[in-house]
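Peer 1: Have a peek at my_file-v5.csv (CSV, C-alpha atoms and all ligand atoms).
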```csv
chain,number,residue,atom,x,y,z
V,1,MET,CA,-3.3,-21.1,-3.2
V,2,ARG,CA,-0.1,-19.6,-4.6
V,3,LEU,CA,-0.6,-17.0,-7.4
V,4,SER,CA,2.0,-16.4,-9.9
V,5,VAL,CA,2.0,-13.8,-12.7
V,6,THR,CA,4.7,-14.0,-15.3
V,7,GLY,CA,5.6,-11.5,-18.0
V,8,ILE,CA,2.1,-9.9,-18.2
V,9,VAL,CA,1.8,-7.2,-20.8
V,10,LYS,CA,-1.5,-5.3,-21.5
V,11,ARG,CA,-1.9,-2.5,-24.1
V,12,PHE,CA,-4.9,-0.4,-24.8
V,13,GLY,CA,-4.2,1.1,-28.2
V,14,ALA,CA,-1.1,3.3,-27.7
V,15,VAL,CA,-1.3,3.0,-23.9
V,16,THR,CA,0.8,0.2,-22.3
V,17,ALA,CA,-1.1,-0.3,-19.0
V,18,LEU,CA,1.1,-3.3,-18.0
V,19,ALA,CA,4.7,-3.4,-19.3
V,20,GLY,CA,5.8,-6.8,-18.2
V,21,ILE,CA,4.7,-7.8,-14.7
V,22,ASP,CA,6.3,-10.7,-12.7
V,23,LEU,CA,4.8,-11.3,-9.3
V,24,THR,CA,4.2,-14.2,-6.9
V,25,VAL,CA,1.8,-14.2,-4.0
V,26,GLU,CA,2.7,-17.1,-1.7
V,27,GLU,CA,-0.1,-19.2,-0.1
V,28,GLY,CA,-1.6,-17.3,2.8
V,29,GLU,CA,0.3,-14.2,2.0
V,30,PHE,CA,-1.2,-10.7,2.0
V,31,LEU,CA,0.4,-8.8,-0.9
V,32,THR,CA,-0.5,-5.2,-1.7
V,33,ILE,CA,-0.2,-3.5,-5.1
V,34,LEU,CA,0.5,0.2,-4.3
V,35,GLY,CA,0.7,2.9,-6.9
V,36,PRO,CA,-0.6,6.2,-8.1
V,37,SER,CA,-3.7,6.6,-10.3
V,38,GLY,CA,-3.1,5.2,-13.8
V,39,SER,CA,-0.1,3.0,-12.8
V,40,GLY,CA,-1.9,-0.2,-13.9
V,41,LYS,CA,-3.2,-1.6,-10.6
V,42,THR,CA,-6.7,-2.3,-11.7
V,43,THR,CA,-5.6,-3.7,-15.0
V,44,LEU,CA,-3.4,-6.2,-13.2
V,45,LEU,CA,-6.2,-7.2,-10.9
V,46,LYS,CA,-8.5,-7.7,-13.8
V,47,ALA,CA,-6.0,-9.9,-15.6
V,48,VAL,CA,-5.7,-12.0,-12.4
V,49,ALA,CA,-9.5,-12.1,-12.0
V,50,GLY,CA,-10.2,-13.0,-15.6
V,51,PHE,CA,-11.9,-9.8,-16.7
V,52,GLU,CA,-9.1,-8.8,-19.0
V,53,VAL,CA,-7.0,-11.1,-21.2
V,54,PRO,CA,-3.4,-10.0,-21.3
V,55,ASP,CA,-1.5,-9.6,-24.6
V,56,GLU,CA,1.4,-11.5,-23.2
V,57,GLY,CA,2.3,-13.5,-20.2
V,58,GLN,CA,0.6,-16.1,-17.9
V,59,VAL,CA,-1.4,-16.2,-14.7
V,60,HIS,CA,-1.1,-19.4,-12.6
V,61,LEU,CA,-3.2,-20.3,-9.6
V,62,GLY,CA,-1.4,-23.2,-7.9
V,63,ASP,CA,-0.2,-25.4,-10.7
V,64,GLN,CA,-3.0,-24.4,-13.1
V,65,ASP,CA,-2.6,-22.0,-16.0
V,66,VAL,CA,-5.7,-19.8,-15.8
V,67,THR,CA,-4.6,-17.1,-18.2
V,68,LEU,CA,-7.5,-17.8,-20.6
V,69,SER,CA,-10.0,-19.2,-18.1
V,70,ALA,CA,-13.3,-17.3,-17.6
V,71,ALA,CA,-13.6,-15.4,-14.3
V,72,ARG,CA,-16.3,-17.7,-13.0
V,73,HIS,CA,-14.0,-20.7,-13.4
V,74,ARG,CA,-11.1,-19.2,-11.4
V,75,ASN,CA,-12.4,-19.8,-7.8
V,76,VAL,CA,-11.5,-16.2,-6.9
V,77,GLY,CA,-13.3,-14.0,-4.3
V,78,MET,CA,-13.5,-10.3,-5.0
V,79,VAL,CA,-14.4,-7.1,-3.1
V,80,PHE,CA,-14.6,-3.7,-4.8
V,81,GLN,CA,-14.8,-0.2,-3.5
V,82,ASN,CA,-18.5,0.3,-4.4
V,83,TYR,CA,-19.9,-2.7,-2.5
V,84,ALA,CA,-21.7,-4.2,-5.5
V,85,LEU,CA,-24.2,-6.1,-3.4
V,86,PHE,CA,-27.5,-7.2,-5.0
V,87,PRO,CA,-29.8,-4.5,-3.7
V,88,HIS,CA,-33.0,-6.6,-3.9
V,89,MET,CA,-31.5,-9.6,-2.0
V,90,THR,CA,-31.2,-9.9,1.7
V,91,VAL,CA,-27.8,-10.1,3.3
V,92,ALA,CA,-28.1,-13.9,3.7
V,93,GLU,CA,-29.2,-14.3,0.0
V,94,ASN,CA,-26.3,-12.2,-1.1
V,95,ILE,CA,-23.9,-14.4,0.8
V,96,ALA,CA,-25.6,-17.6,-0.4
V,97,PHE,CA,-25.4,-16.5,-4.1
V,98,PRO,CA,-21.9,-17.8,-4.9
V,99,LEU,CA,-22.8,-21.1,-3.3
V,100,GLU,CA,-26.0,-21.4,-5.3
V,101,MET,CA,-24.0,-20.8,-8.5
V,102,ARG,CA,-21.8,-23.7,-7.4
V,103,ARG,CA,-24.9,-25.9,-6.8
V,104,VAL,CA,-24.1,-26.4,-3.2
V,105,SER,CA,-26.9,-28.2,-1.3
V,106,LYS,CA,-29.6,-26.2,0.6
V,107,PRO,CA,-28.6,-27.4,4.1
V,108,GLU,CA,-24.9,-26.8,3.4
V,109,ILE,CA,-25.7,-23.3,2.1
V,110,THR,CA,-27.7,-22.5,5.3
V,111,LYS,CA,-24.8,-23.8,7.4
V,112,ARG,CA,-22.0,-21.9,5.5
V,113,VAL,CA,-24.0,-18.6,5.4
V,114,GLY,CA,-24.5,-18.8,9.1
V,115,GLU,CA,-20.8,-19.5,9.8
V,116,THR,CA,-19.7,-16.7,7.4
V,117,LEU,CA,-22.1,-14.2,8.9
V,118,ALA,CA,-20.5,-15.0,12.3
V,119,LEU,CA,-17.0,-14.6,10.9
V,120,VAL,CA,-17.8,-11.0,9.9
V,121,GLU,CA,-19.8,-10.4,13.1
V,122,LEU,CA,-23.2,-9.9,11.4
V,123,GLU,CA,-25.0,-12.9,12.8
V,124,THR,CA,-28.2,-11.0,13.4
V,125,TYR,CA,-28.3,-9.1,10.1
V,126,GLY,CA,-29.1,-12.0,7.7
V,127,ALA,CA,-32.7,-10.8,6.9
V,128,ARG,CA,-31.8,-7.2,6.2
V,129,LEU,CA,-31.5,-5.6,2.8
V,130,PRO,CA,-28.2,-3.9,1.8
V,131,ARG,CA,-29.8,-0.4,2.0
V,132,GLN,CA,-30.6,-1.1,5.7
V,133,LEU,CA,-26.9,-1.4,6.5
V,134,SER,CA,-24.1,1.1,7.1
V,135,GLY,CA,-21.3,1.4,4.6
V,136,GLY,CA,-19.0,-0.6,6.8
V,137,GLN,CA,-21.6,-3.4,7.3
V,138,GLN,CA,-22.2,-3.6,3.6
V,139,GLN,CA,-18.5,-4.0,3.0
V,140,ARG,CA,-18.4,-6.8,5.6
V,141,VAL,CA,-21.3,-8.5,3.7
V,142,ALA,CA,-19.3,-8.1,0.4
V,143,LEU,CA,-16.3,-9.7,2.2
V,144,ALA,CA,-18.5,-12.5,3.5
V,145,ARG,CA,-19.8,-13.1,-0.1
V,146,ALA,CA,-16.2,-13.2,-1.4
V,147,ILE,CA,-15.0,-15.8,1.1
V,148,VAL,CA,-18.1,-18.0,1.7
V,149,PHE,CA,-17.1,-20.5,-1.0
V,150,GLY,CA,-13.5,-21.0,0.2
V,151,PRO,CA,-11.8,-19.2,-2.7
V,152,ALA,CA,-8.2,-20.0,-3.8
V,153,LEU,CA,-7.5,-16.3,-3.9
V,154,LEU,CA,-9.0,-13.1,-2.5
V,155,LEU,CA,-8.8,-9.9,-4.6
V,156,LEU,CA,-9.5,-6.6,-2.9
V,157,ASP,CA,-9.7,-3.5,-5.0
V,158,GLU,CA,-9.7,-0.3,-2.7
V,159,PRO,CA,-12.4,-1.9,-0.5
V,160,PHE,CA,-12.2,0.8,2.1
V,161,GLY,CA,-12.1,3.8,-0.2
V,162,ALA,CA,-15.6,4.9,0.4
V,163,LEU,CA,-15.5,4.7,4.2
V,164,ASP,CA,-14.6,7.3,6.7
V,165,ARG,CA,-11.2,7.1,8.4
V,166,LYS,CA,-12.2,5.5,11.7
V,167,LEU,CA,-14.3,2.9,10.1
V,168,ARG,CA,-11.6,2.2,7.5
V,169,GLU,CA,-9.0,1.6,10.3
V,170,SER,CA,-11.2,-0.8,12.1
V,171,LEU,CA,-12.1,-2.7,9.0
V,172,GLN,CA,-8.4,-2.9,7.9
V,173,LEU,CA,-7.6,-4.7,11.1
V,174,GLU,CA,-10.7,-6.9,10.9
V,175,VAL,CA,-9.9,-8.0,7.3
V,176,ARG,CA,-6.3,-8.6,8.2
V,177,ARG,CA,-7.3,-10.8,11.3
V,178,LEU,CA,-9.7,-12.8,9.1
V,179,GLN,CA,-7.2,-13.2,6.3
V,180,ARG,CA,-4.6,-14.5,8.7
V,181,ARG,CA,-7.0,-16.8,10.5
V,182,LEU,CA,-8.2,-18.4,7.2
V,183,ARG,CA,-4.8,-18.2,5.6
V,184,LEU,CA,-6.3,-16.6,2.5
V,185,THR,CA,-3.9,-15.8,-0.3
V,186,THR,CA,-4.7,-12.1,-0.9
V,187,LEU,CA,-4.0,-9.5,-3.5
V,188,PHE,CA,-4.9,-6.1,-2.3
V,189,ILE,CA,-5.0,-2.8,-4.3
V,190,THR,CA,-4.6,0.6,-2.9
V,191,HIS,CA,-3.2,4.0,-3.6
V,192,ASP,CA,-3.0,4.7,0.1
V,193,GLN,CA,0.6,4.1,1.3
V,194,GLU,CA,-0.4,4.2,5.0
V,195,GLU,CA,-3.0,1.5,4.4
V,196,ALA,CA,-0.4,-0.6,2.5
V,197,LEU,CA,2.2,-0.3,5.3
V,198,ILE,CA,-0.4,-1.3,8.0
V,199,MET,CA,-1.8,-4.3,6.2
V,200,SER,CA,0.7,-6.1,4.1
V,201,ASP,CA,3.2,-8.9,4.3
V,202,ARG,CA,4.7,-7.5,1.2
V,203,ILE,CA,4.1,-4.4,-1.0
V,204,ALA,CA,4.7,-4.1,-4.7
V,205,VAL,CA,5.1,-0.5,-5.7
V,206,MET,CA,3.8,0.1,-9.2
V,207,ASP,CA,4.4,3.0,-11.6
V,208,GLN,CA,3.7,3.3,-15.3
V,209,GLY,CA,2.8,-0.3,-15.7
V,210,ARG,CA,5.9,-1.7,-14.0
V,211,ILE,CA,6.7,-3.0,-10.5
V,212,GLN,CA,9.3,-0.6,-9.2
V,213,GLN,CA,10.0,-2.4,-6.0
V,214,ILE,CA,8.6,-5.4,-4.1
V,215,GLY,CA,9.4,-6.1,-0.4
V,216,THR,CA,8.2,-6.0,3.2
V,217,PRO,CA,6.7,-2.7,4.4
V,218,ALA,CA,10.0,-2.0,6.2
V,219,ASP,CA,12.0,-2.7,3.1
V,220,VAL,CA,10.1,-0.3,0.9
V,221,TYR,CA,10.0,2.4,3.6
V,222,ASP,CA,13.6,2.2,4.8
V,223,LYS,CA,15.4,1.1,1.6
V,224,PRO,CA,13.6,2.5,-1.4
V,225,VAL,CA,15.3,1.5,-4.6
V,226,SER,CA,14.4,4.7,-6.5
V,227,ARG,CA,13.5,8.3,-6.0
V,228,PHE,CA,9.9,7.5,-7.0
V,229,VAL,CA,9.5,4.9,-4.3
V,230,ALA,CA,11.2,7.1,-1.7
V,231,ASP,CA,8.8,9.9,-2.5
V,232,PHE,CA,5.7,7.9,-2.9
V,233,ILE,CA,5.9,6.0,0.4
V,234,GLY,CA,5.8,8.1,3.6
V,235,GLU,CA,7.1,11.6,4.0
V,236,SER,CA,10.7,12.2,2.8
V,237,ASN,CA,13.5,14.6,2.7
V,238,LEU,CA,15.5,14.1,-0.5
V,239,ILE,CA,18.9,15.8,-0.2
V,240,GLU,CA,21.1,16.1,-3.2
V,241,GLY,CA,24.9,15.9,-2.8
V,242,THR,CA,28.0,15.1,-4.8
V,243,ALA,CA,30.4,12.3,-4.0
V,244,ALA,CA,34.2,12.8,-4.3
V,245,ASN,CA,37.1,11.1,-2.5
V,246,GLY,CA,34.9,8.9,-0.3
V,247,GLN,CA,32.9,11.8,1.0
V,248,VAL,CA,29.5,13.1,0.0
V,249,VAL,CA,29.4,16.9,-0.1
V,250,LEU,CA,26.0,18.3,1.0
V,251,PRO,CA,25.7,22.0,0.4
V,252,GLY,CA,25.0,23.8,3.7
V,253,PHE,CA,25.4,20.6,5.8
V,254,GLY,CA,29.1,19.7,5.3
V,255,THR,CA,30.3,16.3,4.3
V,256,LEU,CA,29.3,12.7,5.1
V,257,ALA,CA,31.0,9.4,4.5
V,258,HIS,CA,28.5,6.6,3.6
V,259,PRO,CA,29.3,3.0,2.7
V,260,ASP,CA,26.5,2.9,0.0
V,261,ALA,CA,27.6,6.2,-1.7
V,262,PRO,CA,29.3,6.0,-5.1
V,263,ALA,CA,32.9,7.0,-5.4
V,264,SER,CA,32.0,10.0,-7.5
V,265,GLY,CA,29.1,11.8,-9.0
V,266,PRO,CA,25.7,12.9,-7.9
V,267,VAL,CA,24.1,11.3,-4.8
V,268,THR,CA,20.5,11.5,-3.5
V,269,LEU,CA,20.1,10.9,0.2
V,270,LEU,CA,16.7,10.0,1.8
V,271,LEU,CA,16.2,11.3,5.3
V,272,ARG,CA,12.8,10.4,6.9
V,273,PRO,CA,11.4,13.2,9.1
V,274,GLU,CA,11.6,11.1,12.2
V,275,ALA,CA,15.3,10.5,11.6
V,276,MET,CA,16.1,14.2,11.7
V,277,ARG,CA,17.8,15.4,14.9
V,278,VAL,CA,16.8,18.8,16.1
V,279,GLY,CA,18.2,21.1,18.9
V,280,ALA,CA,20.5,19.5,21.5
V,281,GLU,CA,20.3,16.2,19.8
V,282,ALA,CA,21.8,17.6,16.6
V,283,ARG,CA,25.0,18.8,18.3
V,284,ALA,CA,26.7,15.4,18.0
V,285,ALA,CA,25.5,14.8,14.4
V,286,HIS,CA,28.0,14.5,11.6
V,287,CYS,CA,26.1,17.0,9.4
V,288,GLN,CA,24.6,20.1,10.8
V,289,ALA,CA,22.9,23.3,9.7
V,290,GLN,CA,21.1,26.1,11.4
V,291,CYS,CA,17.5,26.2,10.1
V,292,THR,CA,14.5,28.6,10.5
V,293,VAL,CA,11.3,27.0,11.8
V,294,LEU,CA,8.7,27.9,9.2
V,295,GLU,CA,5.9,25.9,10.7
V,296,ALA,CA,5.4,23.8,13.8
V,297,ILE,CA,2.4,21.5,13.4
V,298,PHE,CA,1.1,19.8,16.6
V,299,LEU,CA,0.0,16.2,15.8
V,300,GLY,CA,-0.9,14.9,19.3
V,301,LEU,CA,1.8,12.3,19.7
V,302,SER,CA,4.4,14.2,17.7
V,303,ILE,CA,5.2,17.6,16.3
V,304,LYS,CA,6.1,18.2,12.7
V,305,LEU,CA,8.5,21.0,11.8
V,306,ARG,CA,9.0,22.6,8.4
V,307,LEU,CA,12.5,23.9,8.4
V,308,ARG,CA,14.4,26.2,6.0
V,309,PRO,CA,18.2,25.8,5.9
V,310,GLU,CA,20.3,28.6,4.4
V,311,GLN,CA,20.9,26.4,1.3
V,312,GLY,CA,18.8,23.7,-0.3
V,313,PRO,CA,15.1,22.8,-0.2
V,314,ASP,CA,12.9,23.0,2.9
V,315,LEU,CA,13.1,19.9,5.2
V,316,LEU,CA,10.6,18.1,7.4
V,317,ALA,CA,11.3,16.9,10.9
V,318,ARG,CA,9.0,14.9,13.1
V,319,LEU,CA,9.7,14.8,16.9
V,320,PRO,CA,7.9,12.6,19.4
V,321,LEU,CA,6.0,14.5,22.1
V,322,ARG,CA,5.1,13.5,25.6
V,323,PRO,CA,2.2,15.4,27.3
V,324,SER,CA,4.6,17.2,29.7
V,325,ASP,CA,7.1,18.2,27.0
V,326,PRO,CA,7.5,21.9,26.3
V,327,PRO,CA,7.1,22.9,22.7
V,328,PRO,CA,10.5,22.0,21.1
V,329,ALA,CA,10.7,25.0,18.7
V,330,ALA,CA,8.6,28.0,18.0
V,331,GLU,CA,7.7,29.2,14.5
V,332,GLY,CA,10.2,31.8,13.4
V,333,SER,CA,13.0,30.6,15.7
V,334,SER,CA,16.3,29.2,14.6
V,335,VAL,CA,17.3,25.6,15.5
V,336,LEU,CA,20.2,23.4,14.9
V,337,VAL,CA,19.3,20.5,12.6
V,338,GLY,CA,21.5,17.5,11.9
V,339,PHE,CA,21.9,13.9,10.9
V,340,SER,CA,24.6,11.2,10.8
V,341,PRO,CA,25.3,8.4,8.2
V,342,GLU,CA,23.1,5.9,10.1
V,343,ASP,CA,20.1,8.2,9.7
V,344,VAL,CA,20.2,8.4,5.9
V,345,HIS,CA,19.6,6.0,3.0
V,346,VAL,CA,21.4,6.4,-0.3
V,347,VAL,CA,18.8,6.3,-3.0
V,348,PRO,CA,20.1,4.2,-6.0
V,349,ARG,CA,20.1,6.0,-9.3
V,350,GLY,CA,18.1,4.3,-12.0
W,1,LIG,N1,-10.4,-0.2,-21.1
W,1,LIG,C1,-9.4,0.7,-21.3
W,1,LIG,N2,-9.2,1.3,-22.4
W,1,LIG,C2,-8.2,2.2,-22.6
W,1,LIG,N3,-7.3,2.5,-21.7
W,1,LIG,C3,-7.4,1.9,-20.5
W,1,LIG,C4,-8.5,1.0,-20.2
W,1,LIG,N4,-8.3,0.5,-18.9
W,1,LIG,C5,-7.2,1.2,-18.4
W,1,LIG,N5,-6.7,2.0,-19.4
W,1,LIG,C6,-5.4,2.8,-19.2
W,1,LIG,O1,-4.4,2.0,-18.7
W,1,LIG,C7,-3.7,2.7,-17.7
W,1,LIG,C8,-3.7,1.9,-16.3
W,1,LIG,O2,-5.0,2.0,-15.8
W,1,LIG,P1,-5.5,1.3,-14.5
W,1,LIG,O3,-7.0,1.5,-14.3
W,1,LIG,O4,-5.0,-0.1,-14.4
W,1,LIG,O5,-4.7,2.2,-13.4
W,1,LIG,P2,-4.9,2.2,-11.8
W,1,LIG,O6,-3.5,2.2,-11.2
W,1,LIG,O7,-5.8,1.2,-11.3
W,1,LIG,O8,-5.5,3.6,-11.6
W,1,LIG,P3,-6.6,4.1,-10.5
W,1,LIG,O9,-5.9,4.1,-9.1
W,1,LIG,O10,-7.0,5.5,-10.9
W,1,LIG,O11,-7.8,3.2,-10.5
W,1,LIG,C9,-4.2,4.1,-17.6
W,1,LIG,O12,-3.4,4.9,-18.4
W,1,LIG,C10,-5.6,3.9,-18.2
W,1,LIG,O13,-6.1,5.1,-18.7
```
Would you write the structure of this file as structure tokens?
Peer 2:
Amino acid sequence: MRLSVTGIVKRFGAVTALAGIDLTVEEGEFLTILGPSGSGKTTLLKAVAGFEVPDEGQVHLGDQDVTLSAARHRNVGMVFQNYALFPHMTVAENIAFPLEMRRVSKPEITKRVGETLALVELETYGARLPRQLSGGQQQRVALARAIVFGPALLLLDEPFGALDRKLRESLQLEVRRLQRRLRLTTLFITHDQEEALIMSDRIAVMDQGRIQQIGTPADVYDKPVSRFVADFIGESNLIEGTAANGQVVLPGFGTLAHPDAPASGPVTLLLRPEAMRVGAEARAAHCQAQCTVLEAIFLGLSIKLRLRPEQGPDLLARLPLRPSDPPPAAEGSSVLVGFSPEDVHVVPRG
């Protein structure tokens, strides 16, 4: 079901946790709230779930205003970081619990628990206790319990936070597959930008109780609307310049004409490490500078270079690597580094 949040404000004493949030999650959409610690993600999720009453604003699920409804009346499934399974109940009993609360008949419960166990690929685990499962399996049980009753909305609060990297990656894909298959409207919270980019239809980037930008993963990565978003998502080089007479002057790199640059005044350019041209490739670039390679970090499929130009801050470059490629630059050597207008994004000033 469609979720819409309008004008939500929540204060805790002098702290404004949410400073006016407007957000719509379309039916079947996977929307991620991404933001640093303290930005208001959990408070927003609680207002949607019904654990926190906002000071201002409304929450609608479909056509229904649920702003003041109790959590148990909202038909919302939830998964948190710390599993929160009932330790004394078996896996099957845990999954049956929301159905029992809804007074579903015994045979129907047995049927639905079986189906949902199969969905999360735990068919043979129904009789186990949570402590007899791995962390990843427990999280799949928590997911099964959250979806077994066919919720209108699924809320996920850092559900993979406690898992190791490999398990986290496989569960991310599994949850996404399941969410797509069931067309579950999903609101997902994370502070992990990589996870947000992998999983989401859209990402809302939050800071200080406000949504700074909302868009597809490609939008927020390629066209951040502010310095904060550019810096928070992915690795970035932010280069300061000054616009005058249709040209941006970049100390040490020369000048660049860019259609999005202002006519005059300060300009911040975003240059992603993978957009940087190094060595022979830099020769045809509009802007160029000789840089010292401070560090060359081998990453398997690519190599990351930390570069020091004669003027301005250090820069990062990431170059793809094939197994037969010779190392592109040694630490301590000097390389030509460059970029052209199509490689950069002008970060709006706000
Ligand atoms: N019950 C509360 N009483 C007082 N202040 C609170 C309460 N809950 C949250 N806050 C404050 O509101 C702000 C937003 O907190 P919130 O937990 O929503 O952030 P978050 O983005 O989820 O952070 P994290 O990623 O660390 O969980 C913070 O400044 C926090 O200290």
Peer 1: Distance atom CA of Ile211 of chain V-atom CA of Ala14 of chain V, one decimal place?
Peer 2: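 For atom CA of Ile211 of chain V relative to atom CA of Ala14 of chain V, the distance reads 19.9 Å.
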Peer 1: Kindly give the distance, in Å, that separates atom CA of Ile109 of chain V and atom CA of Phe80 of chain V, rounded to a single decimal.
Peer 2: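 Between atom CA of Ile109 of chain V and atom CA of Phe80 of chain V the gap works out to 23.6 Å.
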Peer 1: Hey, which of V:Ala92, V:Ala71, V:Val113, V:Val205 ends up closest to ligand LIG 1 (chain W)? Count all atoms listed in the file.
Peer 2: V:Val205
Peer 1: Counting only C-alpha atoms and all ligand atoms, name the residues that have an atom within 10 Å of an atom of ligand LIG 1 (chain W); the answer should be given as a PyMOL selection string.
Peer 2: chain V and resi 10-18+33-47+52+157-158+189-192+206-209
Peer 1: Go ahead and save the residues from that selection, with C-alpha atoms, as a tab-separated table (two decimals), keeping the file's coordinate frame.
Peer 2:
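Okay, result.tsv is ready:
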```tsv
chain	number	residue	atom	x	y	z
V	10	LYS	CA	-1.50	-5.30	-21.50
V	11	ARG	CA	-1.90	-2.50	-24.10
V	12	PHE	CA	-4.90	-0.40	-24.80
V	13	GLY	CA	-4.20	1.10	-28.20
V	14	ALA	CA	-1.10	3.30	-27.70
V	15	VAL	CA	-1.30	3.00	-23.90
V	16	THR	CA	0.80	0.20	-22.30
V	17	ALA	CA	-1.10	-0.30	-19.00
V	18	LEU	CA	1.10	-3.30	-18.00
V	33	ILE	CA	-0.20	-3.50	-5.10
V	34	LEU	CA	0.50	0.20	-4.30
V	35	GLY	CA	0.70	2.90	-6.90
V	36	PRO	CA	-0.60	6.20	-8.10
V	37	SER	CA	-3.70	6.60	-10.30
V	38	GLY	CA	-3.10	5.20	-13.80
V	39	SER	CA	-0.10	3.00	-12.80
V	40	GLY	CA	-1.90	-0.20	-13.90
V	41	LYS	CA	-3.20	-1.60	-10.60
V	42	THR	CA	-6.70	-2.30	-11.70
V	43	THR	CA	-5.60	-3.70	-15.00
V	44	LEU	CA	-3.40	-6.20	-13.20
V	45	LEU	CA	-6.20	-7.20	-10.90
V	46	LYS	CA	-8.50	-7.70	-13.80
V	47	ALA	CA	-6.00	-9.90	-15.60
V	52	GLU	CA	-9.10	-8.80	-19.00
V	157	ASP	CA	-9.70	-3.50	-5.00
V	158	GLU	CA	-9.70	-0.30	-2.70
V	189	ILE	CA	-5.00	-2.80	-4.30
V	190	THR	CA	-4.60	0.60	-2.90
V	191	HIS	CA	-3.20	4.00	-3.60
V	192	ASP	CA	-3.00	4.70	0.10
V	206	MET	CA	3.80	0.10	-9.20
V	207	ASP	CA	4.40	3.00	-11.60
V	208	GLN	CA	3.70	3.30	-15.30
V	209	GLY	CA	2.80	-0.30	-15.70
```
Peer 1: What's around segment 247-253 of chain V at 9 Å? Count all atoms listed in the file, leave out sequence neighbours fewer than 3 positions away in its own chain, and write the answer as JSON, numbers by chain.
Peer 2: {"V": [239, 240, 241, 242, 243, 244, 256, 257, 258, 261, 262, 263, 264, 266, 267, 286, 287, 288, 289, 290, 309, 310, 311, 312, 338]}
Peer 1: When you draw a straight line from atom CA of Leu336 of chain V to atom CA of Gly254 of chain V, how long is it in Å?
Peer 2: 13.6 Å
Peer 1: What does segment 141-184 of chain V look like written to a file with C-alpha atoms, as a PDB file, in the first residue's frame?
Peer 2:
```pdb
ATOM      1  CA  VAL V 141      12.875 -15.783  10.692  1.00  0.00           C
ATOM      2  CA  ALA V 142      12.345 -12.161  11.768  1.00  0.00           C
ATOM      3  CA  LEU V 143      11.603 -11.318   8.139  1.00  0.00           C
ATOM      4  CA  ALA V 144       9.187 -14.256   7.851  1.00  0.00           C
ATOM      5  CA  ARG V 145       7.384 -13.082  10.992  1.00  0.00           C
ATOM      6  CA  ALA V 146       7.143  -9.572   9.547  1.00  0.00           C
ATOM      7  CA  ILE V 147       5.578 -10.660   6.235  1.00  0.00           C
ATOM      8  CA  VAL V 148       3.483 -13.721   7.195  1.00  0.00           C
ATOM      9  CA  PHE V 149       0.291 -11.695   7.746  1.00  0.00           C
ATOM     10  CA  GLY V 150       0.525  -9.826   4.433  1.00  0.00           C
ATOM     11  CA  PRO V 151       1.383  -6.378   5.834  1.00  0.00           C
ATOM     12  CA  ALA V 152       0.467  -3.186   3.990  1.00  0.00           C
ATOM     13  CA  LEU V 153       3.978  -1.901   4.648  1.00  0.00           C
ATOM     14  CA  LEU V 154       7.336  -3.417   5.610  1.00  0.00           C
ATOM     15  CA  LEU V 155       9.704  -1.435   7.841  1.00  0.00           C
ATOM     16  CA  LEU V 156      13.337  -2.509   8.078  1.00  0.00           C
ATOM     17  CA  ASP V 157      15.608  -0.771  10.603  1.00  0.00           C
ATOM     18  CA  GLU V 158      19.269  -1.642   9.914  1.00  0.00           C
ATOM     19  CA  PRO V 159      18.314  -5.332   9.681  1.00  0.00           C
ATOM     20  CA  PHE V 160      21.754  -6.474   8.514  1.00  0.00           C
ATOM     21  CA  GLY V 161      23.797  -4.345  10.918  1.00  0.00           C
ATOM     22  CA  ALA V 162      24.856  -7.233  13.155  1.00  0.00           C
ATOM     23  CA  LEU V 163      25.885  -9.590  10.346  1.00  0.00           C
ATOM     24  CA  ASP V 164      29.272 -10.092   8.747  1.00  0.00           C
ATOM     25  CA  ARG V 165      29.875  -8.665   5.295  1.00  0.00           C
ATOM     26  CA  LYS V 166      29.357 -11.787   3.191  1.00  0.00           C
ATOM     27  CA  LEU V 167      26.155 -12.766   4.934  1.00  0.00           C
ATOM     28  CA  ARG V 168      24.920  -9.200   4.756  1.00  0.00           C
ATOM     29  CA  GLU V 169      25.439  -9.118   0.994  1.00  0.00           C
ATOM     30  CA  SER V 170      23.585 -12.374   0.394  1.00  0.00           C
ATOM     31  CA  LEU V 171      20.678 -11.326   2.653  1.00  0.00           C
ATOM     32  CA  GLN V 172      20.464  -7.937   0.948  1.00  0.00           C
ATOM     33  CA  LEU V 173      19.861  -9.651  -2.378  1.00  0.00           C
ATOM     34  CA  GLU V 174      17.484 -12.182  -0.839  1.00  0.00           C
ATOM     35  CA  VAL V 175      15.350  -9.500   0.819  1.00  0.00           C
ATOM     36  CA  ARG V 176      15.263  -7.477  -2.379  1.00  0.00           C
ATOM     37  CA  ARG V 177      14.164 -10.516  -4.435  1.00  0.00           C
ATOM     38  CA  LEU V 178      11.423 -11.339  -1.935  1.00  0.00           C
ATOM     39  CA  GLN V 179      10.268  -7.722  -1.713  1.00  0.00           C
ATOM     40  CA  ARG V 180       9.988  -7.514  -5.510  1.00  0.00           C
ATOM     41  CA  ARG V 181       8.211 -10.837  -5.791  1.00  0.00           C
ATOM     42  CA  LEU V 182       5.613  -9.901  -3.150  1.00  0.00           C
ATOM     43  CA  ARG V 183       5.485  -6.258  -4.298  1.00  0.00           C
ATOM     44  CA  LEU V 184       5.855  -5.138  -0.693  1.00  0.00           C
TER      45      LEU V 184
END
```
